[in-house]
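Below: the structure, in structure tokens.
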Amino acid sequence: MGVMLVTGGAARIGSDIVEHSTARWSDRRVAVVIGAASAIVAISGTWIPSLWGDEAASIMSARRDWASLWALLGTVDAVHGLYYALLHVWIDLVGASPFAVRLPSGIAVGAASAGLYLLVRRRAARETAIIAATVFAVLPRVTFLATEARSLALATAAGVWLTLLMLRLLDARMRRGWWWVYSLGLALGTYLLLHLALLIPVHAIFVALELRRAGRLRGIRLRPFLLAWASAALLAAPIGVVAVMQREQIAFSRPWRAVTAQAVLVEQWFMLETVALVAWVFIVVSVVVTARGLEHAWSEHRRRLLLLGAVWIVVPTAALVLVAATTSLGYTPRYLAFCAPGAAILIAIAASALPHRWMQVTSIVVVAALAVPAYLDQRSPYWKNDGTDWQTVAEVVAELTEPGDGIVFDESVRPSRRPRLAMHSYPNGFDGLVDLGLVRPYDETDHLWDVTAPLVEVSDRLDGVDRVVVVSRSPHGVDDDTATLRLEGFDPVERVALISDVVTVYERNGLKPIAPPPSVDRRVRKGASDASSIESRTHQAQRQRIERRNRGGGSSRSFGQRQGRAGSRQGRRSAHRSRRAPGAIPRGRFRWFPRPRRTAVVHSRGCGQPRRRGCRDRRPHSRERGRRARVRPGSDRRTELPRGHLRVLRVRPVLGARIHRPTWIPSRAEPATAGE
């Protein structure tokens, strides 16, 4: 087609669209305006959401010195190494506040929007390019990228500009240096985000189809592309090898990482079902309109633009779904965010095909209005990772503590949700506190996180500490640590429940801490109590209980007969209990042991299945003189000895029970007496 169109764009040698050179600066100015507006929209409110686990990993890695960062990348997270290095330099310049670390992502979204305008402009009219850039800037997945201190936004911008460079190389003969820029850019993009390597097959398919359409597939035009792609693959090979060696980092399968229609059609680029429905309607319309071959001057260019957008979204999605289906690598929709420009191109084709300008504007307004709820939600304080509230945790801890106080964190949840990361994300709220569980800080290891130990193993650090703050996320994640605090004479004085985490303050009560006797367990510290005193007081308590029961109504048989229920089921049970050996405990009560024995804590549902979190059906099983007694189903009571003693219970493993590490639990702290 030897058609000349004047649409205000740059001259393109080798393209069917030839325009006045005087309009070249106009396109660039429009691109700058679109990029600046998109960046402002993306950056707005990014300081509001609390940082979460992945962002904490970025900040902690960027704060390392170069030697420590190199050691980390040799063990884990090498696929994000280039981003960590760039963020290291950025933090040194502007700091590590949430706004500062997310600012590069917002700027990258603006750059990607400007590049998409210029990219579409090479194949379509200005209206289509503006629609594509605007739709891209308001897509929920793109506005999400601006709130993440990760490499996704930078990789998306790199993908857009590399595709623009590919079109320029395809349309016109350019200097050899641009081919090296293209090849090196593909390689560096792969180091920035491993999934960006899927742009190579996207470009290869598009270039092959374009050259085939022009009848130059076997000509000299394909050779430079083959050389550039081969060079990029060779330069990116080391990161691919390292990623395979470190595949255990992501080699797991979780329900939320399964490949589903919801994940592919909604979560990848649209995130809201309403936005996804409208977007897919536009995409289907663009395919239909292009297939009809309407007699517009740029109908052929629409087909080529449709081909680029379709290949851009289909090839990476199919590749990632195939990998997730055949390997143990999880599927994560946000890793395909770099394909969002392809979806915006397809939507723009349908919107620009509308006959009237007001219809085109209305289509953009509809998409933007449907995306507003996602935009506002993404900029709420607790949006990240199901309600991460580390910013609030830091504020509460700073208000409740003073320098010199101790702090304990819940380590039972997965790493991205551990409250400990709040201390690294918002360090100002934890100034002067003593991290009681810390063994080695993260920057002295070759892994991402701190090395910690349970409080019971480092309880000597409590010496000289009168106040301890415990930050927990799971319901029972700090039970062992709080038991150790009570053993050392700490009592809870204040509790603040937040969206996801709970902050509890413990203060020393001034009483003498209770220590278990050394004869019971060699792992327990030496104490003042001995086994003989516990045995004598246990015998005494047992005899007093039996005497009170006998004084209360005689034998169980006579009591059942006096109530006229000797023949009933309850009477038979009472008669059965009366025939037990002296000192036996009736069903539904705990047994008192004459000697201290090794303690274990059992959580069981009593039905052969492990007890799920939150279940209150706990059935300890004990054994004495060859006889076993059970607690009534649903009972949540615990064995108690006289004040100042230890709860000692001999536990017999049963099917479905989880027997945790033996531990000593004091009933309550008692003041020191002469007998102790």
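Labels for the structure tokens follow display order: chains A, B, ..., residues from 1 in each chain, ligands from 1.
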
Give me, as a ChimeraX atom specification, all polymer residues having an atom no more than 10 Å from Asp460 in chain A, counting only C-alpha atoms and skipping those fewer than 5 positions away in the same chain. /A:436,455,488

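The protein and nucleic acid residues lying at most 9 Å from Leu82 in chain A are Ser151, Leu188, Tyr191, Leu192 and Leu193 of chain A, with only C-alpha atoms considered and sequence neighbours fewer than 6 positions away removed.
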
Selected residues, C-alpha atoms, written as a PDB file, in the first residue's frame, please.
ATOM      1  CA  SER A 151      11.740  -5.357  39.811  1.00  0.00           C
ATOM      2  CA  LEU A 188      20.038  -7.238  31.074  1.00  0.00           C
ATOM      3  CA  TYR A 191      18.879 -10.359  34.800  1.00  0.00           C
ATOM      4  CA  LEU A 192      16.298  -7.840  35.994  1.00  0.00           C
ATOM      5  CA  LEU A 193      13.406 -10.340  35.742  1.00  0.00           C
TER       6      LEU A 193
END

For a quick check of understanding, using only C-alpha atoms, which of A:Thr317, A:Gln391, A:Gln262, A:Ser286 has the smallest distance to Leu196 in chain A?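 Checking each candidate against Leu196 in chain A, we get A:Thr317 as the closest.
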
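For range 399-414 of chain A, the residues within 8 Å (counting only C-alpha atoms, excluding itself and residues fewer than 4 positions away along the chain) are Glu395, Arg418, Pro419, Arg420, Asp431, Gly432, Leu433, Val434, Asp435, Leu436, Gly437, Leu455, Leu462, Val465, Asp466, Arg467, Val468, Val469, Val470, Val471, Ser472, Arg473, Ser474, Gly477, Val478, Asp481 and Val505 of chain A.
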
Those same residues - C-alpha atoms - I'd like them written as a PDB file, in the first residue's frame.
ATOM      1  CA  GLU A 395       4.186   2.846  65.806  1.00  0.00           C
ATOM      2  CA  ARG A 418       6.994 -12.801  60.122  1.00  0.00           C
ATOM      3  CA  PRO A 419       6.538  -9.751  62.342  1.00  0.00           C
ATOM      4  CA  ARG A 420      10.324  -9.585  62.719  1.00  0.00           C
ATOM      5  CA  ASP A 431      15.408   1.882  68.258  1.00  0.00           C
ATOM      6  CA  GLY A 432      17.126   0.847  71.484  1.00  0.00           C
ATOM      7  CA  LEU A 433      15.262  -2.449  71.925  1.00  0.00           C
ATOM      8  CA  VAL A 434      17.047  -5.715  72.721  1.00  0.00           C
ATOM      9  CA  ASP A 435      16.248  -8.448  70.195  1.00  0.00           C
ATOM     10  CA  LEU A 436      16.145 -11.389  72.592  1.00  0.00           C
ATOM     11  CA  GLY A 437      15.836 -14.141  69.982  1.00  0.00           C
ATOM     12  CA  LEU A 455      13.530 -17.751  74.003  1.00  0.00           C
ATOM     13  CA  LEU A 462      16.364 -11.728  80.242  1.00  0.00           C
ATOM     14  CA  VAL A 465      15.393  -6.757  81.391  1.00  0.00           C
ATOM     15  CA  ASP A 466      12.196  -5.754  83.201  1.00  0.00           C
ATOM     16  CA  ARG A 467       9.889  -5.241  80.217  1.00  0.00           C
ATOM     17  CA  VAL A 468       9.466  -7.436  77.120  1.00  0.00           C
ATOM     18  CA  VAL A 469       7.262  -6.805  74.086  1.00  0.00           C
ATOM     19  CA  VAL A 470       5.962  -9.858  72.208  1.00  0.00           C
ATOM     20  CA  VAL A 471       4.739  -9.413  68.619  1.00  0.00           C
ATOM     21  CA  SER A 472       2.770 -12.384  67.281  1.00  0.00           C
ATOM     22  CA  ARG A 473       0.741 -13.144  64.170  1.00  0.00           C
ATOM     23  CA  SER A 474      -0.442 -16.747  64.582  1.00  0.00           C
ATOM     24  CA  GLY A 477       3.049 -18.930  67.581  1.00  0.00           C
ATOM     25  CA  VAL A 478       4.597 -17.530  70.787  1.00  0.00           C
ATOM     26  CA  ASP A 481       8.149 -17.920  74.496  1.00  0.00           C
ATOM     27  CA  VAL A 505       3.732  -6.139  76.860  1.00  0.00           C
TER      28      VAL A 505
END

Check the DSSP output for the backbone and give back, as a PyMOL selection string, the residues of range 286-490 of chain A in strand (DSSP E). chain A and resi 406-409+434-435+438-440+451-452+467-472+490

Atoms to include: N, CA, C and O atoms. Write the selected residues as an mmCIF file, in the first residue's frame.
data_model
loop_
_atom_site.group_PDB
_atom_site.id
_atom_site.type_symbol
_atom_site.label_atom_id
_atom_site.label_comp_id
_atom_site.auth_asym_id
_atom_site.auth_seq_id
_atom_site.Cartn_x
_atom_site.Cartn_y
_atom_site.Cartn_z
ATOM 1 N N GLY A 406 13.199 -5.459 76.045
ATOM 2 C CA GLY A 406 13.391 -6.594 75.147
ATOM 3 C C GLY A 406 12.213 -6.765 74.214
ATOM 4 O O GLY A 406 11.109 -6.266 74.456
ATOM 5 N N ILE A 407 12.432 -7.475 73.125
ATOM 6 C CA ILE A 407 11.372 -7.734 72.159
ATOM 7 C C ILE A 407 11.517 -9.151 71.634
ATOM 8 O O ILE A 407 12.638 -9.647 71.428
ATOM 9 N N VAL A 408 10.388 -9.812 71.444
ATOM 10 C CA VAL A 408 10.320 -11.184 70.948
ATOM 11 C C VAL A 408 9.324 -11.212 69.801
ATOM 12 O O VAL A 408 8.248 -10.605 69.887
ATOM 13 N N PHE A 409 9.662 -11.927 68.712
ATOM 14 C CA PHE A 409 8.813 -11.991 67.527
ATOM 15 C C PHE A 409 8.327 -13.414 67.301
ATOM 16 O O PHE A 409 9.002 -14.391 67.649
ATOM 17 N N VAL A 434 16.163 -4.549 72.708
ATOM 18 C CA VAL A 434 17.047 -5.715 72.721
ATOM 19 C C VAL A 434 16.317 -6.863 72.038
ATOM 20 O O VAL A 434 15.275 -7.322 72.527
ATOM 21 N N ASP A 435 16.838 -7.318 70.913
ATOM 22 C CA ASP A 435 16.248 -8.448 70.195
ATOM 23 C C ASP A 435 16.674 -9.731 70.909
ATOM 24 O O ASP A 435 17.780 -10.238 70.711
ATOM 25 N N LEU A 438 17.543 -13.028 68.646
ATOM 26 C CA LEU A 438 18.485 -12.933 67.534
ATOM 27 C C LEU A 438 19.776 -13.684 67.844
ATOM 28 O O LEU A 438 20.383 -13.497 68.896
ATOM 29 N N VAL A 439 20.183 -14.536 66.917
ATOM 30 C CA VAL A 439 21.459 -15.250 67.019
ATOM 31 C C VAL A 439 22.484 -14.635 66.076
ATOM 32 O O VAL A 439 23.606 -14.335 66.476
ATOM 33 N N ARG A 440 22.095 -14.466 64.803
ATOM 34 C CA ARG A 440 22.968 -13.816 63.821
ATOM 35 C C ARG A 440 22.126 -12.902 62.945
ATOM 36 O O ARG A 440 21.092 -13.325 62.425
ATOM 37 N N VAL A 451 18.985 -15.231 61.695
ATOM 38 C CA VAL A 451 19.033 -16.533 62.365
ATOM 39 C C VAL A 451 18.594 -16.308 63.808
ATOM 40 O O VAL A 451 19.181 -15.485 64.522
ATOM 41 N N THR A 452 17.558 -17.022 64.232
ATOM 42 C CA THR A 452 16.978 -16.799 65.550
ATOM 43 C C THR A 452 16.936 -18.105 66.340
ATOM 44 O O THR A 452 17.169 -19.186 65.794
ATOM 45 N N ARG A 467 11.063 -5.365 81.088
ATOM 46 C CA ARG A 467 9.889 -5.241 80.217
ATOM 47 C C ARG A 467 10.215 -5.895 78.881
ATOM 48 O O ARG A 467 11.278 -5.644 78.294
ATOM 49 N N VAL A 468 9.292 -6.726 78.384
ATOM 50 C CA VAL A 468 9.466 -7.436 77.120
ATOM 51 C C VAL A 468 8.200 -7.257 76.293
ATOM 52 O O VAL A 468 7.080 -7.422 76.801
ATOM 53 N N VAL A 469 8.371 -6.935 75.024
ATOM 54 C CA VAL A 469 7.262 -6.805 74.086
ATOM 55 C C VAL A 469 7.264 -8.027 73.174
ATOM 56 O O VAL A 469 8.303 -8.383 72.603
ATOM 57 N N VAL A 470 6.123 -8.675 73.052
ATOM 58 C CA VAL A 470 5.962 -9.858 72.208
ATOM 59 C C VAL A 470 5.044 -9.493 71.053
ATOM 60 O O VAL A 470 3.916 -9.028 71.268
ATOM 61 N N VAL A 471 5.521 -9.695 69.823
ATOM 62 C CA VAL A 471 4.739 -9.413 68.619
ATOM 63 C C VAL A 471 4.442 -10.743 67.938
ATOM 64 O O VAL A 471 5.367 -11.463 67.542
ATOM 65 N N SER A 472 3.171 -11.091 67.839
ATOM 66 C CA SER A 472 2.770 -12.384 67.281
ATOM 67 C C SER A 472 1.773 -12.179 66.160
ATOM 68 O O SER A 472 1.046 -11.178 66.120
ATOM 69 N N PHE A 490 7.579 -12.931 84.507
ATOM 70 C CA PHE A 490 6.960 -11.843 83.765
ATOM 71 C C PHE A 490 5.455 -12.085 83.679
ATOM 72 O O PHE A 490 5.005 -13.226 83.523
#

Report the distance between CA of Thr190 in chain A and CA of Ser44 in chain A in Å, rounded to one decimal place. 28.7 Å

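Between Gln246 in chain A and the candidates A:Ile40, A:Val76, A:Leu169, A:Leu487, the tightest atom-to-atom separation, counting only C-alpha atoms, involves A:Val76.
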
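Taking only C-alpha atoms, the non-local environment of Leu227 in chain A within 10 Å (same-chain residues fewer than 4 positions away omitted) comprises A:Trp179, A:Trp180, A:Ser183, A:Leu222, A:Arg223, A:Ser231, A:Ala232, A:Ala233.
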
What does the distance between CA of Leu86 in chain A and CA of Val101 in chain A come to in Å, to one decimal place? 10.9 Å

Distance of CA of Leu69 in chain A from CA of Met423 in chain A, expressed in Å to one decimal place: 19.7 Å

Write out as an MDAnalysis selection string all residues of range 190-283 of chain A that DSSP puts in alpha helix (DSSP H) for this structure's backbone. chainID A and resid 190:192 199:214 222:245 261:262 273:283

Best match for closeness to Asp65 in chain A among A:Ala369, A:Leu154, A:Leu265, A:Ala85, counting only C-alpha atoms: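 Checking each of A:Ala369, A:Leu154, A:Leu265, A:Ala85 against Asp65 in chain A, counting only C-alpha atoms, the winner is A:Ala85.
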
Which one is closest to Ile107 in chain A: A:Ser38, A:Thr163, A:Thr332, A:Ser352? Count only C-alpha atoms.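 Residue with the minimum atom-to-atom distance to Ile107 in chain A: A:Ser38.
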
Which residue, A:His88, A:Arg64, A:Arg486, A:Arg126, has the smallest gap to His447 in chain A when you use only C-alpha atoms?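 The closest residue to His447 in chain A is A:Arg64.
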
Might you pull out every residue within 9 Å of Ala114 in chain A, with only C-alpha atoms counted and same-chain residues fewer than 3 positions away left off, and present them as a list in words? Arg28, Val30, Ala31, Val32, Val33, Ile34, Gly35, Ala36, Ser38, Val109, Gly110, Ala111, Tyr117, Leu118, Leu119 and Ala133 of chain A

Could those residues be written to a file, using C-alpha atoms, as an mmCIF file, in the first residue's frame?
data_model
loop_
_atom_site.group_PDB
_atom_site.id
_atom_site.type_symbol
_atom_site.label_atom_id
_atom_site.label_comp_id
_atom_site.auth_asym_id
_atom_site.auth_seq_id
_atom_site.Cartn_x
_atom_site.Cartn_y
_atom_site.Cartn_z
ATOM 1 C CA ARG A 28 7.881 13.083 21.616
ATOM 2 C CA VAL A 30 2.973 13.847 23.697
ATOM 3 C CA ALA A 31 4.960 10.877 24.971
ATOM 4 C CA VAL A 32 6.577 13.017 27.685
ATOM 5 C CA VAL A 33 3.199 14.379 28.781
ATOM 6 C CA ILE A 34 1.629 10.918 28.885
ATOM 7 C CA GLY A 35 4.597 9.511 30.753
ATOM 8 C CA ALA A 36 4.576 12.293 33.341
ATOM 9 C CA SER A 38 1.044 8.221 34.245
ATOM 10 C CA VAL A 109 5.333 2.876 35.047
ATOM 11 C CA GLY A 110 5.431 6.378 33.558
ATOM 12 C CA ALA A 111 8.325 5.412 31.297
ATOM 13 C CA TYR A 117 2.568 5.450 23.079
ATOM 14 C CA LEU A 118 5.587 5.641 20.763
ATOM 15 C CA LEU A 119 5.379 1.901 20.072
ATOM 16 C CA ALA A 133 -1.073 4.348 26.797
#

Selected residue of minimal separation from Ser425 in chain A among A:Ala42, A:Met245, A:Ile347, A:Ala62, counting only C-alpha atoms: A:Ala62
